[in-house]
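Next up, run04.cif (mmCIF, C-alpha atoms and all ligand atoms; chains and numbers go by the auth columns):
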```
data_model
loop_
_atom_site.group_PDB
_atom_site.id
_atom_site.type_symbol
_atom_site.label_atom_id
_atom_site.label_comp_id
_atom_site.label_asym_id
_atom_site.label_seq_id
_atom_site.Cartn_x
_atom_site.Cartn_y
_atom_site.Cartn_z
_atom_site.B_iso_or_equiv
_atom_site.auth_seq_id
_atom_site.auth_asym_id
ATOM 1 C CA MET A 1 0.000 0.000 0.000 0.00 1 A
ATOM 2 C CA ASP A 2 1.269 3.450 -0.918 0.00 2 A
ATOM 3 C CA ASP A 3 2.315 5.339 2.224 0.00 3 A
ATOM 4 C CA LEU A 4 1.098 8.678 0.919 0.00 4 A
ATOM 5 C CA TYR A 5 -2.425 7.384 0.355 0.00 5 A
ATOM 6 C CA ARG A 6 -2.425 5.483 3.608 0.00 6 A
ATOM 7 C CA GLU A 7 -1.551 8.679 5.448 0.00 7 A
ATOM 8 C CA LEU A 8 -4.281 10.532 3.566 0.00 8 A
ATOM 9 C CA ILE A 9 -6.832 7.939 4.695 0.00 9 A
ATOM 10 C CA LEU A 10 -5.673 8.086 8.302 0.00 10 A
ATOM 11 C CA ASP A 11 -5.766 11.866 8.224 0.00 11 A
ATOM 12 C CA HIS A 12 -9.382 11.898 7.000 0.00 12 A
ATOM 13 C CA TYR A 13 -10.225 9.274 9.627 0.00 13 A
ATOM 14 C CA LYS A 14 -8.735 11.308 12.467 0.00 14 A
ATOM 15 C CA HIS A 15 -9.928 14.681 11.175 0.00 15 A
ATOM 16 C CA PRO A 16 -13.049 13.947 9.129 0.00 16 A
ATOM 17 C CA HIS A 17 -14.333 16.701 6.842 0.00 17 A
ATOM 18 C CA ASN A 18 -18.011 17.678 6.930 0.00 18 A
ATOM 19 C CA TYR A 19 -18.644 15.654 10.081 0.00 19 A
ATOM 20 C CA GLY A 20 -21.968 16.184 11.836 0.00 20 A
ATOM 21 C CA THR A 21 -25.657 16.358 10.954 0.00 21 A
ATOM 22 C CA LEU A 22 -27.961 18.878 9.277 0.00 22 A
ATOM 23 C CA ASP A 23 -31.333 19.737 10.744 0.00 23 A
ATOM 24 C CA PRO A 24 -33.387 20.257 8.714 0.00 24 A
ATOM 25 C CA ALA A 25 -31.934 18.410 5.733 0.00 25 A
ATOM 26 C CA ASP A 26 -33.491 17.829 2.305 0.00 26 A
ATOM 27 C CA ILE A 27 -32.119 14.312 2.136 0.00 27 A
ATOM 28 C CA SER A 28 -31.051 12.095 5.015 0.00 28 A
ATOM 29 C CA TYR A 29 -30.110 8.477 4.746 0.00 29 A
ATOM 30 C CA GLU A 30 -28.319 5.985 6.924 0.00 30 A
ATOM 31 C CA ASP A 31 -27.110 2.452 6.341 0.00 31 A
ATOM 32 C CA ASP A 32 -24.569 0.024 7.655 0.00 32 A
ATOM 33 C CA ASN A 33 -22.083 -2.550 6.497 0.00 33 A
ATOM 34 C CA PRO A 34 -22.767 -5.568 8.696 0.00 34 A
ATOM 35 C CA LEU A 35 -19.563 -7.301 7.558 0.00 35 A
ATOM 36 C CA CYS A 36 -17.439 -4.759 9.404 0.00 36 A
ATOM 37 C CA GLY A 37 -19.869 -2.906 11.658 0.00 37 A
ATOM 38 C CA ASP A 38 -19.477 0.396 9.775 0.00 38 A
ATOM 39 C CA ARG A 39 -22.376 2.825 9.932 0.00 39 A
ATOM 40 C CA ILE A 40 -22.759 6.021 7.878 0.00 40 A
ATOM 41 C CA ARG A 41 -25.438 8.679 7.770 0.00 41 A
ATOM 42 C CA ILE A 42 -25.386 11.446 5.169 0.00 42 A
ATOM 43 C CA ASP A 43 -27.460 14.641 5.350 0.00 43 A
ATOM 44 C CA LEU A 44 -27.764 16.848 2.262 0.00 44 A
ATOM 45 C CA ARG A 45 -29.174 20.290 1.660 0.00 45 A
ATOM 46 C CA LEU A 46 -29.987 21.369 -1.893 0.00 46 A
ATOM 47 C CA ASP A 47 -30.231 24.914 -3.215 0.00 47 A
ATOM 48 C CA ASP A 48 -32.946 26.047 -5.650 0.00 48 A
ATOM 49 C CA GLN A 49 -30.777 24.898 -8.588 0.00 49 A
ATOM 50 C CA GLY A 50 -30.705 21.369 -7.202 0.00 50 A
ATOM 51 C CA ARG A 51 -27.063 21.659 -6.207 0.00 51 A
ATOM 52 C CA VAL A 52 -25.676 20.287 -2.974 0.00 52 A
ATOM 53 C CA SER A 53 -25.278 23.428 -0.889 0.00 53 A
ATOM 54 C CA ASP A 54 -24.339 21.665 2.324 0.00 54 A
ATOM 55 C CA VAL A 55 -23.491 18.146 3.355 0.00 55 A
ATOM 56 C CA ARG A 56 -22.593 16.361 6.575 0.00 56 A
ATOM 57 C CA PHE A 57 -21.895 12.799 7.453 0.00 57 A
ATOM 58 C CA SER A 58 -21.851 10.989 10.745 0.00 58 A
ATOM 59 C CA GLY A 59 -21.254 7.441 11.811 0.00 59 A
ATOM 60 C CA LYS A 60 -18.672 5.071 13.099 0.00 60 A
ATOM 61 C CA GLY A 61 -16.556 2.265 11.794 0.00 61 A
ATOM 62 C CA CYS A 62 -13.188 1.451 10.341 0.00 62 A
ATOM 63 C CA ALA A 63 -10.758 4.011 8.916 0.00 63 A
ATOM 64 C CA ILE A 64 -11.579 3.139 5.303 0.00 64 A
ATOM 65 C CA SER A 65 -15.325 3.629 5.715 0.00 65 A
ATOM 66 C CA GLN A 66 -15.001 6.940 7.543 0.00 66 A
ATOM 67 C CA ALA A 67 -12.239 8.347 5.322 0.00 67 A
ATOM 68 C CA SER A 68 -14.270 7.419 2.254 0.00 68 A
ATOM 69 C CA ALA A 69 -17.286 9.344 3.590 0.00 69 A
ATOM 70 C CA SER A 70 -15.088 12.330 4.416 0.00 70 A
ATOM 71 C CA MET A 71 -13.620 12.381 0.891 0.00 71 A
ATOM 72 C CA LEU A 72 -16.977 11.787 -0.775 0.00 72 A
ATOM 73 C CA THR A 73 -18.668 14.649 1.057 0.00 73 A
ATOM 74 C CA ASP A 74 -15.816 16.964 0.004 0.00 74 A
ATOM 75 C CA GLU A 75 -16.299 15.876 -3.582 0.00 75 A
ATOM 76 C CA ILE A 76 -20.076 16.302 -3.930 0.00 76 A
ATOM 77 C CA LYS A 77 -20.419 19.879 -2.650 0.00 77 A
ATOM 78 C CA GLY A 78 -21.699 22.205 -5.374 0.00 78 A
ATOM 79 C CA LYS A 79 -22.708 19.370 -7.708 0.00 79 A
ATOM 80 C CA THR A 80 -26.255 18.641 -8.849 0.00 80 A
ATOM 81 C CA LEU A 81 -27.918 15.337 -8.039 0.00 81 A
ATOM 82 C CA ASP A 82 -27.824 14.562 -11.775 0.00 82 A
ATOM 83 C CA GLU A 83 -24.062 15.042 -11.827 0.00 83 A
ATOM 84 C CA LEU A 84 -23.740 12.854 -8.755 0.00 84 A
ATOM 85 C CA ARG A 85 -25.660 10.067 -10.430 0.00 85 A
ATOM 86 C CA ASN A 86 -22.604 9.566 -12.674 0.00 86 A
ATOM 87 C CA PHE A 87 -20.209 9.456 -9.741 0.00 87 A
ATOM 88 C CA SER A 88 -19.085 5.833 -9.865 0.00 88 A
ATOM 89 C CA LYS A 89 -17.450 3.446 -7.469 0.00 89 A
ATOM 90 C CA GLU A 90 -14.275 3.818 -9.563 0.00 90 A
ATOM 91 C CA ASP A 91 -14.340 7.587 -8.947 0.00 91 A
ATOM 92 C CA LEU A 92 -14.542 7.002 -5.218 0.00 92 A
ATOM 93 C CA LEU A 93 -11.827 4.326 -5.257 0.00 93 A
ATOM 94 C CA ASP A 94 -9.599 6.747 -7.188 0.00 94 A
ATOM 95 C CA LEU A 95 -9.980 9.245 -4.339 0.00 95 A
ATOM 96 C CA LEU A 96 -8.944 6.605 -1.800 0.00 96 A
ATOM 97 C CA GLY A 97 -6.062 5.540 -4.011 0.00 97 A
ATOM 98 C CA VAL A 98 -5.302 2.190 -2.404 0.00 98 A
ATOM 99 C CA PRO A 99 -5.977 -1.364 -3.590 0.00 99 A
ATOM 100 C CA LEU A 100 -8.700 -2.961 -1.474 0.00 100 A
ATOM 101 C CA SER A 101 -9.758 -6.536 -0.781 0.00 101 A
ATOM 102 C CA PRO A 102 -13.424 -7.435 -1.507 0.00 102 A
ATOM 103 C CA VAL A 103 -14.294 -7.109 2.188 0.00 103 A
ATOM 104 C CA ARG A 104 -12.654 -3.679 2.393 0.00 104 A
ATOM 105 C CA LEU A 105 -14.430 -2.613 -0.794 0.00 105 A
ATOM 106 C CA LYS A 106 -17.753 -2.747 1.076 0.00 106 A
ATOM 107 C CA CYS A 107 -16.235 -0.475 3.732 0.00 107 A
ATOM 108 C CA ALA A 108 -15.040 1.988 1.103 0.00 108 A
ATOM 109 C CA LEU A 109 -18.305 1.995 -0.843 0.00 109 A
ATOM 110 C CA LEU A 110 -20.698 2.317 2.092 0.00 110 A
ATOM 111 C CA SER A 111 -20.736 6.130 1.868 0.00 111 A
ATOM 112 C CA LEU A 112 -21.537 6.014 -1.850 0.00 112 A
ATOM 113 C CA LYS A 113 -24.254 3.445 -1.207 0.00 113 A
ATOM 114 C CA VAL A 114 -25.819 5.734 1.406 0.00 114 A
ATOM 115 C CA LEU A 115 -25.601 8.727 -0.951 0.00 115 A
ATOM 116 C CA LYS A 116 -27.231 6.854 -3.837 0.00 116 A
ATOM 117 C CA ALA A 117 -29.908 5.325 -1.639 0.00 117 A
ATOM 118 C CA GLY A 118 -30.790 8.724 -0.182 0.00 118 A
ATOM 119 C CA ALA A 119 -30.724 10.614 -3.467 0.00 119 A
ATOM 120 C CA TYR A 120 -32.098 8.018 -5.902 0.00 120 A
ATOM 121 C CA GLY A 121 -33.501 5.144 -3.902 0.00 121 A
ATOM 122 C CA LEU A 122 -30.776 2.778 -5.136 0.00 122 A
ATOM 123 C CA THR A 123 -30.194 0.324 -2.345 0.00 123 A
ATOM 124 C CA THR A 124 -27.751 -2.077 -3.992 0.00 124 A
ATOM 125 C CA TRP A 125 -24.035 -1.808 -3.453 0.00 125 A
ATOM 126 C CA PRO A 126 -22.380 0.504 -5.989 0.00 126 A
ATOM 127 C CA GLY A 127 -21.162 -1.553 -8.915 0.00 127 A
ATOM 128 C CA GLU A 128 -23.779 -4.234 -8.307 0.00 128 A
ATOM 129 C CA GLU A 129 -26.782 -2.309 -9.636 0.00 129 A
ATOM 130 C CA GLU A 130 -26.480 -3.460 -13.220 0.00 130 A
HETATM 131 ZN ZN ZN B . -15.123 -1.255 7.545 0.00 1 B
#
```

Before we go any further, please render this structure as structure tokens.
Amino acid sequence: MDDLYRELILDHYKHPHNYGTLDPADISYEDDNPLCGDRIRIDLRLDDQGRVSDVRFSGKGCAISQASASMLTDEIKGKTLDELRNFSKEDLLDLLGVPLSPVRLKCALLSLKVLKAGAYGLTTWPGEEE
């Protein structure tokens, strides 16, 4: 594993970006990854153009799951829900930048699963919807 990326993940885990909740929020969704015990909730606020004007996540779990949520919430600010629909699991894995085992993949993709379930009602794991 590349040390630079590993440090990036640990840094997001220790100092998560956009951590907290929004009340009220336009979209709130929460789900877990029973394989690892990770839990993520994402709250979104949309402006009148349909862009994400504010986002927070909360939850607990392993470093990969929490760092992934921190990076994802950084990435989606200012984008429309339509633009986010095209945000793929590969895009998220690129942000994390480390090779992951199948079990760790579920940790990494939990935040994207929560986002897609909240925004579009997709409840399958990203990459398994087709
Ligand atoms: Zn995990």

Quick one: which residues end up in the PyMOL selection byres (((not hetatm)) within 10 of (chain B and resi 1)) for this structure, as a list in words? Asp32, Asn33, Pro34, Leu35, Cys36, Gly37, Asp38, Arg39, Lys60, Gly61, Cys62, Ala63, Ile64, Ser65, Gln66, Val103, Arg104, Leu105, Lys106, Cys107, Ala108, Leu109 and Leu110 of chain A

Those selected residues, please, written with C-alpha atoms and delivered as a JSON list (two decimals), in the frame of the given file.
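Contents of result.json, as written:
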```
[["chain", "number", "residue", "atom", "x", "y", "z"],
["A", 32, "ASP", "CA", -24.57, 0.02, 7.66],
["A", 33, "ASN", "CA", -22.08, -2.55, 6.50],
["A", 34, "PRO", "CA", -22.77, -5.57, 8.70],
["A", 35, "LEU", "CA", -19.56, -7.30, 7.56],
["A", 36, "CYS", "CA", -17.44, -4.76, 9.40],
["A", 37, "GLY", "CA", -19.87, -2.91, 11.66],
["A", 38, "ASP", "CA", -19.48, 0.40, 9.78],
["A", 39, "ARG", "CA", -22.38, 2.82, 9.93],
["A", 60, "LYS", "CA", -18.67, 5.07, 13.10],
["A", 61, "GLY", "CA", -16.56, 2.26, 11.79],
["A", 62, "CYS", "CA", -13.19, 1.45, 10.34],
["A", 63, "ALA", "CA", -10.76, 4.01, 8.92],
["A", 64, "ILE", "CA", -11.58, 3.14, 5.30],
["A", 65, "SER", "CA", -15.32, 3.63, 5.72],
["A", 66, "GLN", "CA", -15.00, 6.94, 7.54],
["A", 103, "VAL", "CA", -14.29, -7.11, 2.19],
["A", 104, "ARG", "CA", -12.65, -3.68, 2.39],
["A", 105, "LEU", "CA", -14.43, -2.61, -0.79],
["A", 106, "LYS", "CA", -17.75, -2.75, 1.08],
["A", 107, "CYS", "CA", -16.24, -0.48, 3.73],
["A", 108, "ALA", "CA", -15.04, 1.99, 1.10],
["A", 109, "LEU", "CA", -18.30, 2.00, -0.84],
["A", 110, "LEU", "CA", -20.70, 2.32, 2.09]]
```

Evaluate the PyMOL selection byres (((chain A and resi 70-85) around 6) and not hetatm) and record the selected residues as a ChimeraX atom specification, following the chain and residue labels used in the document. /A:16-17,50-53,67-69,86-87

If the box runs along x, y and z of the file and leaves 3 Å on each side of region 42-57 of chain A, what are its centre and edge lengths in Å, one decimal, as AutoDock Vina command-line options?
```
--center_x -27.4 --center_y 18.7 --center_z -0.6 --size_x 17.1 --size_y 20.6 --size_z 22.0
```

Compare A:Leu112, A:Leu96, A:Ile42, A:Leu122 by their minimum atom-to-atom distance to Arg6 (chain A), counting only C-alpha atoms, and give me the closest one. A:Leu96

CA of Pro99 (chain A) sits from CA of Phe57 (chain A) at a separation of 24.0 Å

Give me, please, the distance in Å between CA of Ser28 (chain A) and CA of Ile40 (chain A), quoted to one decimal. 10.7 Å

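For the structure shown here, the set of residues caught by the PyMOL selection byres (((chain A and resi 55) around 6) and not hetatm) is Asp43, Leu44, Asp54 and Arg56 of chain A.
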
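Counting from CA of Asp91 (chain A), the distance to CA of His12 (chain A) is 17.2 Å.
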
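Here the question is which of A:Asp23, A:Asp31, A:Glu90, A:Glu7 gets nearest to Ala117 (chain A) using all atoms listed in the file, and that residue is A:Asp31.
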
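With only C-alpha atoms as the atoms that count, the minimum distance from Tyr5 (chain A) to the choices A:Ser88, A:Pro24, A:Leu95, A:Leu100 is reached by A:Leu95.
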
Please, which residues are within 7 Å of (-33.7, 13.8, -3.8) by the file's coordinates, counting all atoms listed in the file, and could they come as an MDAnalysis selection string? chainID A and resid 27 118:120

Keeping only C-alpha atoms, take the residues you just selected and write them out as a PDB file, in the frame of the given file.
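That gives us selection-v3.pdb:
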```pdb
ATOM      1  CA  ILE A  27     -32.119  14.312   2.136  1.00  0.00           C
ATOM      2  CA  GLY A 118     -30.790   8.724  -0.182  1.00  0.00           C
ATOM      3  CA  ALA A 119     -30.724  10.614  -3.467  1.00  0.00           C
ATOM      4  CA  TYR A 120     -32.098   8.018  -5.902  1.00  0.00           C
TER       5      TYR A 120
END
```

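Of the listed residues A:Leu46, A:Thr21, A:His15, A:Gly97, the one whose atoms come nearest to Gly59 (chain A) is A:Thr21, with distances taken using all atoms listed in the file.
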
Add whatever atoms are absent from region 87-110 of chain A to reach N, CA, C and O atoms, and provide the output as a PDB file, in the frame of the given file.
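Okay, this is what ended up in result.pdb:
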```pdb
ATOM      1  N   PHE A  87     -21.372   9.705 -10.593  1.00  0.00           N
ATOM      2  CA  PHE A  87     -20.209   9.456  -9.741  1.00  0.00           C
ATOM      3  C   PHE A  87     -20.162   7.958  -9.439  1.00  0.00           C
ATOM      4  O   PHE A  87     -21.063   7.402  -8.821  1.00  0.00           O
ATOM      5  N   SER A  88     -19.110   7.301  -9.908  1.00  0.00           N
ATOM      6  CA  SER A  88     -19.085   5.833  -9.865  1.00  0.00           C
ATOM      7  C   SER A  88     -18.220   5.331  -8.723  1.00  0.00           C
ATOM      8  O   SER A  88     -17.476   6.086  -8.083  1.00  0.00           O
ATOM      9  N   LYS A  89     -18.301   4.034  -8.510  1.00  0.00           N
ATOM     10  CA  LYS A  89     -17.450   3.446  -7.469  1.00  0.00           C
ATOM     11  C   LYS A  89     -15.978   3.619  -7.837  1.00  0.00           C
ATOM     12  O   LYS A  89     -15.146   3.807  -6.955  1.00  0.00           O
ATOM     13  N   GLU A  90     -15.669   3.605  -9.150  1.00  0.00           N
ATOM     14  CA  GLU A  90     -14.275   3.818  -9.563  1.00  0.00           C
ATOM     15  C   GLU A  90     -13.807   5.215  -9.178  1.00  0.00           C
ATOM     16  O   GLU A  90     -12.654   5.404  -8.754  1.00  0.00           O
ATOM     17  N   ASP A  91     -14.701   6.211  -9.335  1.00  0.00           N
ATOM     18  CA  ASP A  91     -14.340   7.587  -8.947  1.00  0.00           C
ATOM     19  C   ASP A  91     -13.991   7.655  -7.461  1.00  0.00           C
ATOM     20  O   ASP A  91     -13.027   8.318  -7.066  1.00  0.00           O
ATOM     21  N   LEU A  92     -14.790   6.973  -6.664  1.00  0.00           N
ATOM     22  CA  LEU A  92     -14.542   7.002  -5.218  1.00  0.00           C
ATOM     23  C   LEU A  92     -13.249   6.245  -4.878  1.00  0.00           C
ATOM     24  O   LEU A  92     -12.448   6.705  -4.058  1.00  0.00           O
ATOM     25  N   LEU A  93     -13.040   5.109  -5.537  1.00  0.00           N
ATOM     26  CA  LEU A  93     -11.827   4.326  -5.257  1.00  0.00           C
ATOM     27  C   LEU A  93     -10.574   5.087  -5.695  1.00  0.00           C
ATOM     28  O   LEU A  93      -9.523   4.968  -5.071  1.00  0.00           O
ATOM     29  N   ASP A  94     -10.712   5.896  -6.768  1.00  0.00           N
ATOM     30  CA  ASP A  94      -9.599   6.747  -7.188  1.00  0.00           C
ATOM     31  C   ASP A  94      -9.228   7.740  -6.089  1.00  0.00           C
ATOM     32  O   ASP A  94      -8.055   8.033  -5.861  1.00  0.00           O
ATOM     33  N   LEU A  95     -10.242   8.289  -5.420  1.00  0.00           N
ATOM     34  CA  LEU A  95      -9.980   9.245  -4.339  1.00  0.00           C
ATOM     35  C   LEU A  95      -9.217   8.564  -3.209  1.00  0.00           C
ATOM     36  O   LEU A  95      -8.300   9.143  -2.625  1.00  0.00           O
ATOM     37  N   LEU A  96      -9.607   7.327  -2.897  1.00  0.00           N
ATOM     38  CA  LEU A  96      -8.944   6.605  -1.800  1.00  0.00           C
ATOM     39  C   LEU A  96      -7.530   6.198  -2.202  1.00  0.00           C
ATOM     40  O   LEU A  96      -6.606   6.258  -1.396  1.00  0.00           O
ATOM     41  N   GLY A  97      -7.383   5.758  -3.456  1.00  0.00           N
ATOM     42  CA  GLY A  97      -6.062   5.540  -4.011  1.00  0.00           C
ATOM     43  C   GLY A  97      -5.310   4.312  -3.532  1.00  0.00           C
ATOM     44  O   GLY A  97      -4.117   4.214  -3.759  1.00  0.00           O
ATOM     45  N   VAL A  98      -5.989   3.401  -2.865  1.00  0.00           N
ATOM     46  CA  VAL A  98      -5.302   2.190  -2.404  1.00  0.00           C
ATOM     47  C   VAL A  98      -6.039   0.958  -2.910  1.00  0.00           C
ATOM     48  O   VAL A  98      -7.251   0.977  -3.041  1.00  0.00           O
ATOM     49  N   PRO A  99      -5.303  -0.118  -3.203  1.00  0.00           N
ATOM     50  CA  PRO A  99      -5.977  -1.364  -3.590  1.00  0.00           C
ATOM     51  C   PRO A  99      -6.691  -1.960  -2.382  1.00  0.00           C
ATOM     52  O   PRO A  99      -6.151  -1.925  -1.269  1.00  0.00           O
ATOM     53  N   LEU A 100      -7.898  -2.468  -2.595  1.00  0.00           N
ATOM     54  CA  LEU A 100      -8.700  -2.961  -1.474  1.00  0.00           C
ATOM     55  C   LEU A 100      -9.170  -4.390  -1.728  1.00  0.00           C
ATOM     56  O   LEU A 100      -9.523  -4.734  -2.851  1.00  0.00           O
ATOM     57  N   SER A 101      -9.211  -5.180  -0.686  1.00  0.00           N
ATOM     58  CA  SER A 101      -9.758  -6.536  -0.781  1.00  0.00           C
ATOM     59  C   SER A 101     -11.281  -6.426  -0.914  1.00  0.00           C
ATOM     60  O   SER A 101     -11.858  -5.384  -0.598  1.00  0.00           O
ATOM     61  N   PRO A 102     -11.958  -7.498  -1.364  1.00  0.00           N
ATOM     62  CA  PRO A 102     -13.424  -7.435  -1.507  1.00  0.00           C
ATOM     63  C   PRO A 102     -14.130  -7.028  -0.221  1.00  0.00           C
ATOM     64  O   PRO A 102     -15.120  -6.283  -0.265  1.00  0.00           O
ATOM     65  N   VAL A 103     -13.648  -7.477   0.923  1.00  0.00           N
ATOM     66  CA  VAL A 103     -14.294  -7.109   2.188  1.00  0.00           C
ATOM     67  C   VAL A 103     -14.122  -5.615   2.454  1.00  0.00           C
ATOM     68  O   VAL A 103     -15.058  -4.920   2.853  1.00  0.00           O
ATOM     69  N   ARG A 104     -12.924  -5.108   2.185  1.00  0.00           N
ATOM     70  CA  ARG A 104     -12.654  -3.679   2.393  1.00  0.00           C
ATOM     71  C   ARG A 104     -13.384  -2.792   1.382  1.00  0.00           C
ATOM     72  O   ARG A 104     -13.677  -1.630   1.662  1.00  0.00           O
ATOM     73  N   LEU A 105     -13.665  -3.365   0.207  1.00  0.00           N
ATOM     74  CA  LEU A 105     -14.430  -2.613  -0.794  1.00  0.00           C
ATOM     75  C   LEU A 105     -15.776  -2.185  -0.234  1.00  0.00           C
ATOM     76  O   LEU A 105     -16.227  -1.067  -0.463  1.00  0.00           O
ATOM     77  N   LYS A 106     -16.445  -3.083   0.500  1.00  0.00           N
ATOM     78  CA  LYS A 106     -17.753  -2.747   1.076  1.00  0.00           C
ATOM     79  C   LYS A 106     -17.610  -1.606   2.080  1.00  0.00           C
ATOM     80  O   LYS A 106     -18.505  -0.770   2.204  1.00  0.00           O
ATOM     81  N   CYS A 107     -16.505  -1.573   2.799  1.00  0.00           N
ATOM     82  CA  CYS A 107     -16.235  -0.475   3.732  1.00  0.00           C
ATOM     83  C   CYS A 107     -16.105   0.834   2.956  1.00  0.00           C
ATOM     84  O   CYS A 107     -16.715   1.844   3.297  1.00  0.00           O
ATOM     85  N   ALA A 108     -15.315   0.779   1.875  1.00  0.00           N
ATOM     86  CA  ALA A 108     -15.040   1.988   1.103  1.00  0.00           C
ATOM     87  C   ALA A 108     -16.292   2.509   0.414  1.00  0.00           C
ATOM     88  O   ALA A 108     -16.475   3.716   0.273  1.00  0.00           O
ATOM     89  N   LEU A 109     -17.169   1.592  -0.016  1.00  0.00           N
ATOM     90  CA  LEU A 109     -18.305   1.995  -0.843  1.00  0.00           C
ATOM     91  C   LEU A 109     -19.566   2.279  -0.035  1.00  0.00           C
ATOM     92  O   LEU A 109     -20.582   2.682  -0.596  1.00  0.00           O
ATOM     93  N   LEU A 110     -19.499   2.077   1.282  1.00  0.00           N
ATOM     94  CA  LEU A 110     -20.698   2.317   2.092  1.00  0.00           C
ATOM     95  C   LEU A 110     -21.198   3.751   1.944  1.00  0.00           C
ATOM     96  O   LEU A 110     -22.398   3.993   1.795  1.00  0.00           O
TER      97      LEU A 110
END
```
